[in-house]
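Undergrad: What follows is input-v2.tsv, TSV, C-alpha atoms and all ligand atoms.
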```
chain	number	residue	atom	x	y	z
V	190	MET	CA	51.08	56.23	146.43
V	191	LYS	CA	51.09	52.60	147.43
V	192	LEU	CA	54.47	51.61	148.70
V	193	ALA	CA	55.81	48.22	149.74
V	194	ILE	CA	58.85	47.87	151.94
V	195	SER	CA	60.77	44.67	151.47
V	196	GLY	CA	64.20	43.20	152.12
V	197	LYS	CA	66.07	40.49	153.92
V	198	GLY	CA	65.09	39.59	157.49
V	199	GLY	CA	66.12	42.06	160.15
V	200	VAL	CA	67.42	44.78	157.84
V	201	GLY	CA	65.04	47.43	159.15
V	202	LYS	CA	61.87	47.18	157.06
V	203	THR	CA	59.57	47.81	160.01
V	204	THR	CA	61.74	50.65	161.30
V	205	LEU	CA	61.62	52.37	157.90
V	206	ALA	CA	57.91	51.66	157.40
V	207	ALA	CA	57.09	53.26	160.76
V	208	LEU	CA	59.32	56.27	160.14
V	209	LEU	CA	57.86	56.95	156.69
V	210	ALA	CA	54.27	56.40	157.83
V	211	GLN	CA	54.70	59.02	160.54
V	212	VAL	CA	56.52	61.42	158.24
V	213	TYR	CA	53.68	61.30	155.71
V	214	ALA	CA	50.97	61.51	158.37
V	215	ASP	CA	52.60	64.55	159.95
V	216	ALA	CA	52.85	66.14	156.52
V	217	GLY	CA	49.05	65.90	156.32
V	218	HIS	CA	48.62	62.82	154.17
V	219	GLN	CA	46.06	60.16	154.87
V	220	VAL	CA	48.21	57.16	155.74
V	221	LEU	CA	47.32	53.51	155.93
V	222	ALA	CA	50.09	51.36	157.33
V	223	ALA	CA	49.55	47.68	156.61
V	224	ASP	CA	51.57	45.09	158.47
V	225	ALA	CA	51.96	42.06	156.23
V	226	ASP	CA	54.24	40.19	158.61
V	227	PRO	CA	52.46	37.18	160.16
V	228	SER	CA	54.14	38.10	163.43
V	229	PRO	CA	53.30	41.77	163.37
V	230	CYS	CA	55.63	44.43	164.79
V	231	LEU	CA	54.56	47.62	163.09
V	232	ALA	CA	52.14	48.65	165.85
V	233	GLY	CA	55.00	48.62	168.33
V	234	ALA	CA	57.29	50.54	165.99
V	235	LEU	CA	54.62	53.21	165.57
V	236	GLY	CA	54.17	53.44	169.33
V	237	PHE	CA	50.54	52.32	169.36
V	238	PRO	CA	49.47	52.06	173.02
V	239	PRO	CA	48.50	48.58	174.31
V	240	GLU	CA	44.80	49.39	174.59
V	241	LEU	CA	44.66	50.21	170.88
V	242	ARG	CA	46.79	47.23	169.91
V	243	GLN	CA	44.43	44.93	171.77
V	244	LYS	CA	41.62	46.04	169.47
V	245	LEU	CA	43.46	44.98	166.34
V	246	ARG	CA	42.42	41.83	164.58
V	247	PRO	CA	44.22	40.61	161.49
V	248	ILE	CA	42.13	40.82	158.34
V	249	ALA	CA	43.17	37.30	157.36
V	250	GLU	CA	41.57	35.89	160.50
V	251	MET	CA	38.20	37.37	159.81
V	252	ASP	CA	37.05	34.21	158.09
V	253	ALA	CA	33.36	34.67	158.68
V	254	LEU	CA	33.41	38.18	157.36
V	255	ILE	CA	35.46	37.25	154.32
V	256	GLU	CA	33.06	34.46	153.55
V	257	GLU	CA	30.04	36.69	154.03
V	258	ARG	CA	31.43	39.39	151.77
V	259	THR	CA	33.13	37.37	149.07
V	260	GLY	CA	30.88	34.33	149.09
V	261	ALA	CA	33.86	32.02	149.43
V	262	LYS	CA	35.62	30.40	152.32
V	263	PRO	CA	39.05	31.86	153.03
V	264	GLY	CA	41.77	29.53	151.84
V	265	THR	CA	39.87	28.46	148.74
V	266	ILE	CA	41.68	28.76	145.50
V	267	GLY	CA	39.72	29.25	142.34
V	268	GLY	CA	35.94	28.81	142.30
V	269	PHE	CA	33.56	31.73	142.25
V	270	PHE	CA	33.62	34.59	144.65
V	271	THR	CA	32.89	38.27	144.58
V	272	ILE	CA	35.98	40.13	143.54
V	273	ASN	CA	34.70	43.46	144.77
V	274	PRO	CA	33.36	42.69	148.23
V	275	ARG	CA	31.89	45.44	150.40
V	276	VAL	CA	34.63	46.83	152.60
V	277	ASP	CA	33.50	50.31	153.59
V	278	ASP	CA	32.97	49.40	157.24
V	279	ILE	CA	36.23	47.48	157.60
V	280	PRO	CA	38.60	50.36	158.33
V	281	GLU	CA	36.61	51.37	161.36
V	282	ARG	CA	36.01	47.85	162.56
V	283	PHE	CA	39.40	46.33	162.05
V	284	SER	CA	41.99	49.05	162.16
V	285	VAL	CA	43.16	51.54	164.71
V	286	VAL	CA	44.45	55.06	164.32
V	287	TYR	CA	47.19	56.65	166.35
V	288	LYS	CA	48.87	59.98	165.67
V	289	GLY	CA	47.31	60.14	162.24
V	290	VAL	CA	48.41	56.70	161.05
V	291	ARG	CA	45.76	54.08	160.41
V	292	LEU	CA	47.10	50.61	161.04
V	293	LEU	CA	45.85	47.35	159.67
V	294	GLU	CA	47.28	43.92	160.36
V	295	MET	CA	46.94	41.56	157.46
V	296	GLY	CA	47.88	38.31	159.12
V	297	SER	CA	49.16	35.69	156.75
V	298	VAL	CA	47.57	36.79	153.51
V	299	ASP	CA	49.52	35.43	150.60
V	300	LEU	CA	50.66	38.13	148.22
V	301	GLY	CA	52.84	35.68	146.36
V	302	GLY	CA	50.28	33.89	144.23
V	303	SER	CA	49.93	34.32	140.53
V	304	GLY	CA	47.39	37.08	140.58
V	305	CYS	CA	44.65	37.68	143.08
V	306	ILE	CA	43.13	34.27	143.37
V	307	CYS	CA	42.20	33.92	147.00
V	308	PRO	CA	39.23	35.60	148.67
V	309	GLU	CA	41.45	37.21	151.32
V	310	ALA	CA	43.47	38.92	148.62
V	311	ALA	CA	40.32	40.10	146.83
V	312	MET	CA	39.13	41.56	150.11
V	313	LEU	CA	42.39	43.37	150.76
V	314	LYS	CA	42.68	44.66	147.26
V	315	THR	CA	39.22	46.16	147.45
V	316	LEU	CA	39.98	47.52	150.87
V	317	PHE	CA	43.14	49.30	149.78
V	318	THR	CA	41.50	50.69	146.69
V	319	HIS	CA	38.56	51.82	148.73
V	320	LEU	CA	40.65	53.41	151.45
V	321	LEU	CA	43.04	55.24	149.22
V	322	PHE	CA	41.08	57.23	146.76
V	323	ARG	CA	42.91	60.56	146.76
V	324	PRO	CA	46.11	60.90	144.76
V	325	ASP	CA	48.14	61.98	147.78
V	326	ASP	CA	46.95	59.20	150.10
V	327	ILE	CA	49.69	56.85	151.15
V	328	LEU	CA	49.70	53.12	151.70
V	329	ILE	CA	52.77	51.67	153.35
V	330	LEU	CA	52.99	47.93	153.29
V	331	ASP	CA	55.55	46.41	155.67
V	332	MET	CA	56.31	43.12	153.97
V	333	TYR	CA	57.39	39.75	155.20
V	334	ALA	CA	61.14	39.21	154.96
V	335	GLY	CA	62.72	37.63	151.91
V	336	VAL	CA	61.41	36.84	148.48
V	337	GLU	CA	59.01	33.91	148.86
V	338	HIS	CA	56.06	36.14	149.64
V	339	LEU	CA	56.57	38.42	146.73
V	340	GLY	CA	54.66	37.52	143.66
V	341	ARG	CA	52.44	38.67	140.90
V	342	ALA	CA	49.71	39.66	143.32
V	343	THR	CA	52.00	42.26	144.87
V	344	VAL	CA	51.59	44.60	141.91
V	345	ASP	CA	47.88	44.60	142.53
V	346	PHE	CA	48.57	46.17	145.88
V	347	VAL	CA	51.46	48.52	145.36
V	348	ASP	CA	52.96	50.74	142.71
V	349	ALA	CA	56.42	51.28	144.16
V	350	MET	CA	58.78	49.34	146.34
V	351	LEU	CA	61.63	50.18	148.64
V	352	ILE	CA	64.12	47.42	149.30
V	353	VAL	CA	65.99	47.89	152.54
V	354	VAL	CA	69.61	46.77	152.61
V	355	GLU	CA	72.33	46.73	155.21
V	356	PRO	CA	75.89	47.23	154.06
V	357	THR	CA	76.31	43.47	153.72
V	358	ARG	CA	76.61	41.29	150.65
V	359	ARG	CA	73.87	39.01	151.90
V	360	SER	CA	71.25	41.69	152.20
V	361	ILE	CA	72.28	43.05	148.81
V	362	GLY	CA	71.94	39.49	147.44
V	363	THR	CA	68.36	39.34	148.69
V	364	ALA	CA	67.71	42.80	147.23
V	365	SER	CA	68.97	41.57	143.90
V	366	GLN	CA	66.58	38.60	143.98
V	367	ILE	CA	63.72	40.92	144.94
V	368	GLY	CA	64.72	43.24	142.10
V	369	LYS	CA	64.57	40.42	139.56
V	370	LEU	CA	61.21	39.29	140.82
V	371	ALA	CA	59.90	42.84	140.71
V	372	GLN	CA	60.97	43.07	137.11
V	373	ASP	CA	59.22	39.79	136.30
V	374	ILE	CA	55.98	41.01	137.79
V	375	GLY	CA	56.19	44.43	136.17
V	376	LEU	CA	56.90	46.50	139.25
V	377	LYS	CA	59.13	49.19	137.83
V	378	ARG	CA	59.47	51.73	140.60
V	379	LEU	CA	62.12	50.32	142.85
V	380	TRP	CA	64.64	51.93	145.13
V	381	LEU	CA	67.17	50.68	147.59
V	382	VAL	CA	67.33	52.24	151.01
V	383	GLY	CA	70.45	51.56	153.04
V	384	ASN	CA	70.11	51.09	156.76
V	385	LYS	CA	72.45	50.70	159.72
V	386	VAL	CA	75.15	52.49	157.79
V	387	ARG	CA	77.97	53.30	160.18
V	388	ASN	CA	80.30	55.39	158.05
V	389	GLN	CA	81.07	56.76	154.63
V	390	GLU	CA	82.85	53.57	153.66
V	391	GLU	CA	79.74	51.49	154.30
V	392	GLY	CA	77.64	53.99	152.36
V	393	GLN	CA	80.07	53.73	149.47
V	394	PHE	CA	79.92	49.92	149.68
V	395	LEU	CA	76.18	50.13	149.07
V	396	LEU	CA	76.61	52.51	146.14
V	397	ASP	CA	79.32	50.31	144.62
V	398	ASN	CA	77.35	47.09	145.01
V	399	THR	CA	73.81	48.07	144.13
V	400	PRO	CA	72.29	45.37	141.92
V	401	GLY	CA	71.30	47.94	139.31
V	402	ILE	CA	68.64	49.48	141.50
V	403	PRO	CA	68.86	53.20	142.28
V	404	VAL	CA	69.68	54.13	145.85
V	405	LEU	CA	67.17	56.52	147.41
V	406	GLY	CA	69.37	57.20	150.42
V	407	TRP	CA	70.30	55.65	153.71
V	408	LEU	CA	69.66	55.73	157.41
V	409	HIS	CA	72.66	55.62	159.69
V	410	ALA	CA	73.16	53.06	162.44
V	411	ASP	CA	72.02	54.52	165.73
V	412	LEU	CA	71.93	52.93	169.16
V	413	GLY	CA	68.83	55.04	169.78
V	414	VAL	CA	66.85	52.60	167.59
V	415	GLN	CA	67.22	49.71	170.05
V	416	GLU	CA	66.79	52.11	172.93
V	417	ALA	CA	63.48	53.31	171.46
V	418	ASP	CA	62.36	49.70	171.23
V	419	ARG	CA	63.26	49.05	174.86
V	420	LEU	CA	61.44	52.19	175.97
V	421	GLY	CA	58.44	51.35	173.78
V	422	ILE	CA	58.53	54.62	171.88
V	423	PRO	CA	58.79	55.18	168.13
V	424	VAL	CA	62.18	55.89	166.56
V	425	TYR	CA	60.44	58.87	164.99
V	426	ALA	CA	60.05	60.45	168.41
V	427	HIS	CA	63.25	59.17	169.96
V	428	VAL	CA	65.91	59.74	167.31
V	429	PRO	CA	65.51	63.17	165.68
V	430	ALA	CA	68.39	62.58	163.26
V	431	LEU	CA	66.67	59.51	161.81
V	432	ARG	CA	63.35	61.34	161.68
V	433	GLN	CA	65.02	64.05	159.59
V	434	THR	CA	66.62	61.52	157.29
V	435	ALA	CA	63.25	59.81	156.86
V	436	GLN	CA	61.73	63.19	155.96
V	437	GLN	CA	64.41	63.67	153.30
V	438	LEU	CA	63.83	60.17	151.96
V	439	ALA	CA	60.09	60.84	151.75
V	440	ASP	CA	60.70	64.12	149.90
V	441	LYS	CA	63.06	62.47	147.48
V	442	LEU	CA	60.63	59.63	146.90
V	443	SER	CA	57.79	62.06	146.14
V	444	GLN	CA	60.04	63.90	143.66
V	445	GLU	CA	61.12	60.68	141.97
V	446	ILE	CA	57.55	59.45	141.67
V	447	ASN	CA	56.30	62.79	140.38
V	448	SER	CA	59.00	62.93	137.75
V	449	ALA	CA	58.32	59.30	136.77
V	450	ASN	CA	54.64	60.22	136.44
V	451	ARG	CA	55.50	63.21	134.27
V	452	GLU	CA	57.68	61.05	132.03
V	453	LYS	CA	54.85	58.58	131.73
V	454	ALA	CA	52.41	61.38	130.87
V	455	ASP	CA	54.82	62.79	128.24
V	456	ALA	CA	55.42	59.41	126.65
D	501	LIG	N1	69.23	52.48	161.84
D	501	LIG	C1	69.35	51.52	162.76
D	501	LIG	N2	70.34	51.57	163.69
D	501	LIG	C2	70.46	50.61	164.61
D	501	LIG	N3	69.67	49.55	164.73
D	501	LIG	C3	68.67	49.43	163.84
D	501	LIG	C4	68.45	50.40	162.81
D	501	LIG	N4	67.36	50.01	162.10
D	501	LIG	C5	66.92	48.87	162.65
D	501	LIG	N5	67.70	48.51	163.69
D	501	LIG	C6	67.54	47.32	164.54
D	501	LIG	O1	67.56	46.17	163.71
D	501	LIG	C7	66.61	45.22	164.16
D	501	LIG	C8	65.65	44.87	163.03
D	501	LIG	O2	64.89	46.00	162.68
D	501	LIG	P1	63.43	45.86	162.07
D	501	LIG	O3	62.57	45.09	162.96
D	501	LIG	O4	63.00	47.22	161.63
D	501	LIG	O5	63.80	44.99	160.79
D	501	LIG	P2	62.83	44.13	159.86
D	501	LIG	O6	63.49	44.11	158.53
D	501	LIG	O7	61.45	44.68	159.92
D	501	LIG	O8	62.90	42.71	160.55
D	501	LIG	P3	61.96	41.42	160.23
D	501	LIG	O9	62.55	40.82	158.98
D	501	LIG	O10	62.15	40.58	161.42
D	501	LIG	O11	60.58	41.93	160.02
D	501	LIG	C9	65.91	45.81	165.36
D	501	LIG	O12	66.53	45.32	166.53
D	501	LIG	C10	66.18	47.28	165.23
D	501	LIG	O13	66.24	47.90	166.48
D	502	MG	MG	59.63	43.71	160.31
```
In structure tokens, what does this structure look like?
Ligand SMILES: Nc1ncnc2c1ncn2[C@@H]1O[C@H](COP(=O)(O)OP(=O)(O)OP(=O)(O)O)[C@@H](O)[C@H]1O
Ligand SMILES: [Mg+2]
TA:
Amino acid sequence: MKLAISGKGGVGKTTLAALLAQVYADAGHQVLAADADPSPCLAGALGFPPELRQKLRPIAEMDALIEERTGAKPGTIGGFFTINPRVDDIPERFSVVYKGVRLLEMGSVDLGGSGCICPEAAMLKTLFTHLLFRPDDILILDMYAGVEHLGRATVDFVDAMLIVVEPTRRSIGTASQIGKLAQDIGLKRLWLVGNKVRNQEEGQFLLDNTPGIPVLGWLHADLGVQEADRLGIPVYAHVPALRQTAQQLADKLSQEINSANREKADA
């Protein structure tokens, strides 16, 4: 499963991405967490120690390598370049693993374009395909906030998307825009995940105002999340209640995807 996590700025994309990555890794899946935010935060949310984080270099900055492998200078649009560059050594060279989660920082690769037209995107696409070859492998892509970076190329990378919303009209508005875009680009598997929900009333607000996108579930607001950040430890380890909710969300997501796959197979 290749999963993107999107939503308005600050809603909790990185928090959810880190929780789900660890849930799946602890359940025995091979997990690749890709941070697509140009100012990356996922390493911190996953609790990667500083010595490992220092080793990380964003894929997008590896200009020489991209040029060597694709035959085109990064940043070029159009022209000829290899669309299936060799990537088998990249995971080891440019990602780090901690507690079973392999982390890759993408830098500012544009996923918004109309199809995979830049060499960086070709490189990443090959990389993801190469890394995730078993059906139960998991890619979790922590996306850049908002809608501008979502485009046709996204579907080349992911097959499902979670849109994080807070119980606010604004974040639901952004989710609605993301939903429309997803529809345009043919990304059909979409779920909302509520976050920072303080009470039943706020949960109900989300259910009542969903822009026609099914709600997978929600994470409650917990002061432990900020505390974990201050202490430099993952929410997964620091807030057991949120870890459990994330486990339930992951289970529900697997069920939904399996049943969608069955429907597709029956059709
Ligand atoms: N369930 C929660 N309860 C309380 N605070 C939360 C919760 N989830 C996230 N936060 C807080 O909200 C802030 C934003 O969270 P996070 O970085 O995960 O969001 P984001 O959507 O990835 O943000 P950005 O758009 O900047 O990438 C952080 O300060 C985080 O501690
Ligand atoms: Mg983030």
Undergrad: Considering all atoms listed in the file, return as a PDB file with C-alpha atoms, in the coordinates of the input whatever protein or nucleic-acid residues lie within 9 Å of Ala435 (chain V), sequence-local ones (same chain, fewer than 5 positions apart) excluded.
TA:
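For reference, out.pdb as written:
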```pdb
ATOM      1  CA  LEU V 205      61.620  52.370 157.900  1.00  0.00           C
ATOM      2  CA  LEU V 208      59.320  56.270 160.140  1.00  0.00           C
ATOM      3  CA  LEU V 209      57.860  56.950 156.690  1.00  0.00           C
ATOM      4  CA  VAL V 212      56.520  61.420 158.240  1.00  0.00           C
ATOM      5  CA  TRP V 407      70.300  55.650 153.710  1.00  0.00           C
ATOM      6  CA  LEU V 408      69.660  55.730 157.410  1.00  0.00           C
ATOM      7  CA  TYR V 425      60.440  58.870 164.990  1.00  0.00           C
ATOM      8  CA  ALA V 430      68.390  62.580 163.260  1.00  0.00           C
ATOM      9  CA  ASP V 440      60.700  64.120 149.900  1.00  0.00           C
TER      10      ASP V 440
END
```
Undergrad: Considering all atoms listed in the file, state which residue in the set V:Gln393, V:Gln415, V:Gln437, V:Thr399 is at the smallest distance from ligand LIG 501 (chain D).
TA: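 Closest candidate: V:Gln415.
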Undergrad: Which one is closest to ligand LIG 501 (chain D): V:Arg258, V:Arg242, V:Arg451, V:Lys385? Count only C-alpha atoms and all ligand atoms.
TA: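 Among V:Arg258, V:Arg242, V:Arg451, V:Lys385, it is V:Lys385 that comes nearest to ligand LIG 501 (chain D).
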Undergrad: Each residue of chain V with at least one atom at most 6 Å from ligand LIG 501 (chain D) should appear once, together with its nearest atom pair and the corresponding distance in Å (one decimal); atoms considered: only C-alpha atoms and all ligand atoms; ordering: chain, then increasing residue number; output as JSON lines.
TA:
```
{"residue": "V:Gly198", "atom": "CA", "partner": "D:LIG501", "partner_atom": "O9", "distance": 3.2}
{"residue": "V:Gly199", "atom": "CA", "partner": "D:LIG501", "partner_atom": "O8", "distance": 3.3}
{"residue": "V:Val200", "atom": "CA", "partner": "D:LIG501", "partner_atom": "O6", "distance": 4.0}
{"residue": "V:Gly201", "atom": "CA", "partner": "D:LIG501", "partner_atom": "O5", "distance": 3.2}
{"residue": "V:Lys202", "atom": "CA", "partner": "D:LIG501", "partner_atom": "O6", "distance": 3.8}
{"residue": "V:Thr203", "atom": "CA", "partner": "D:LIG501", "partner_atom": "O7", "distance": 3.7}
{"residue": "V:Thr204", "atom": "CA", "partner": "D:LIG501", "partner_atom": "O4", "distance": 3.7}
{"residue": "V:Ala334", "atom": "CA", "partner": "D:LIG501", "partner_atom": "O9", "distance": 4.6}
{"residue": "V:Asn384", "atom": "CA", "partner": "D:LIG501", "partner_atom": "N1", "distance": 5.3}
{"residue": "V:Lys385", "atom": "CA", "partner": "D:LIG501", "partner_atom": "N1", "distance": 4.2}
{"residue": "V:Leu408", "atom": "CA", "partner": "D:LIG501", "partner_atom": "N1", "distance": 5.5}
{"residue": "V:His409", "atom": "CA", "partner": "D:LIG501", "partner_atom": "N1", "distance": 5.1}
{"residue": "V:Ala410", "atom": "CA", "partner": "D:LIG501", "partner_atom": "N2", "distance": 3.4}
{"residue": "V:Asp411", "atom": "CA", "partner": "D:LIG501", "partner_atom": "N2", "distance": 4.0}
{"residue": "V:Leu412", "atom": "CA", "partner": "D:LIG501", "partner_atom": "C2", "distance": 5.3}
{"residue": "V:Val414", "atom": "CA", "partner": "D:LIG501", "partner_atom": "O13", "distance": 4.9}
{"residue": "V:Gln415", "atom": "CA", "partner": "D:LIG501", "partner_atom": "O13", "distance": 4.1}
```
Undergrad: Which residue gives the smallest distance to ligand MG 502 (chain D) among V:Glu257, V:Arg282, V:Arg275, V:Val353, with all atoms listed in the file counted?
TA: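 Comparing V:Glu257, V:Arg282, V:Arg275, V:Val353 against ligand MG 502 (chain D), the winner is V:Val353.
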Undergrad: Which is closer to Leu221 (chain V) than all the others in V:Pro324, V:Ala310, V:Leu330, V:Asp277, using all atoms listed in the file?
TA: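 So, comparing all the options, the nearest one is V:Leu330.
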Undergrad: Just how far from CA of Asp224 (chain V) is CA of Ile329 (chain V), in Å to one decimal?
TA: 8.4 Å
Undergrad: Rank V:Pro229, V:Gly217, V:Pro238, V:Pro247 by their smallest atom-to-atom distance to ligand MG 502 (chain D), using all atoms listed in the file, and report the top residue only.
TA: V:Pro229
Undergrad: From the options V:Ala193, V:Leu396, V:Val286, V:Ala207, which residue's atoms come nearest to Arg432 (chain V), counting only C-alpha atoms?
TA: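 For Arg432 (chain V), the nearest of the given residues is V:Ala207.
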Undergrad: Measure the distance from CA of Trp380 (chain V) to CA of Asp331 (chain V) in Å and round it to one decimal.
TA: 15.0 Å
Undergrad: Find the residues near Ile367 (chain V): any atom within 8 Å, counting all atoms listed in the file, skip ones fewer than 6 places away on the same chain, and give them as a list in words.
TA: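 Listed by chain and then number, they are Gly196, Gly335, Val336, Leu339 and Ile352 of chain V.
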Undergrad: Let's have the selection written as a compact mmCIF listing (two decimals), keeping the file's coordinate frame, with C-alpha atoms.
TA:
```txt
# COMPACT_ATOMS: atom_id res chain seq x y z
CA GLY V 196 64.20 43.20 152.12
CA GLY V 335 62.72 37.63 151.91
CA VAL V 336 61.41 36.84 148.48
CA LEU V 339 56.57 38.42 146.73
CA ILE V 352 64.12 47.42 149.30
```
Undergrad: Could you check how far CA of Ser443 (chain V) sits from CA of Leu235 (chain V), in Å to one decimal?
TA: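 Pair CA of Ser443 (chain V) / CA of Leu235 (chain V) returns 21.6 Å.
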Undergrad: Please identify all polymer residues within 8 Å of Gly392 (chain V), counting all atoms listed in the file, omitting same-chain residues fewer than 3 positions from it, and present them as a PyMOL selection string.
TA: chain V and resi 356+383+386-389+395-396+407
Undergrad: Find the residues of region 305-336 of chain V that sit at most 12 Å from region 292-296 of chain V; for each, write down the nearest two atoms and how far apart they are in Å, to one decimal. Count only C-alpha atoms. Sort by chain, then by number going up, and give it as CSV.
TA:
```
residue,atom,partner,partner_atom,distance
V:Glu309,CA,V:Met295,CA,9.3
V:Ala310,CA,V:Met295,CA,9.9
V:Met312,CA,V:Met295,CA,10.7
V:Leu313,CA,V:Met295,CA,8.3
V:Lys314,CA,V:Met295,CA,11.5
V:Leu316,CA,V:Leu293,CA,10.6
V:Phe317,CA,V:Leu293,CA,10.4
V:Leu320,CA,V:Leu293,CA,11.5
V:Ile327,CA,V:Leu292,CA,12.0
V:Leu328,CA,V:Leu292,CA,10.0
V:Ile329,CA,V:Leu292,CA,9.6
V:Leu330,CA,V:Leu293,CA,9.6
V:Asp331,CA,V:Glu294,CA,9.8
V:Met332,CA,V:Met295,CA,10.1
V:Tyr333,CA,V:Gly296,CA,10.4
```
Undergrad: Can you tell me, as lines of an AutoDock Vina configuration file, the centre and edge lengths (Å, one decimal) of the axis-aligned box enclosing all of region 243-248 of chain V's listed atoms after padding each side by 3 Å?
TA:
```
center_x = 43.0
center_y = 43.3
center_z = 165.1
size_x = 8.8
size_y = 11.4
size_z = 19.4
```
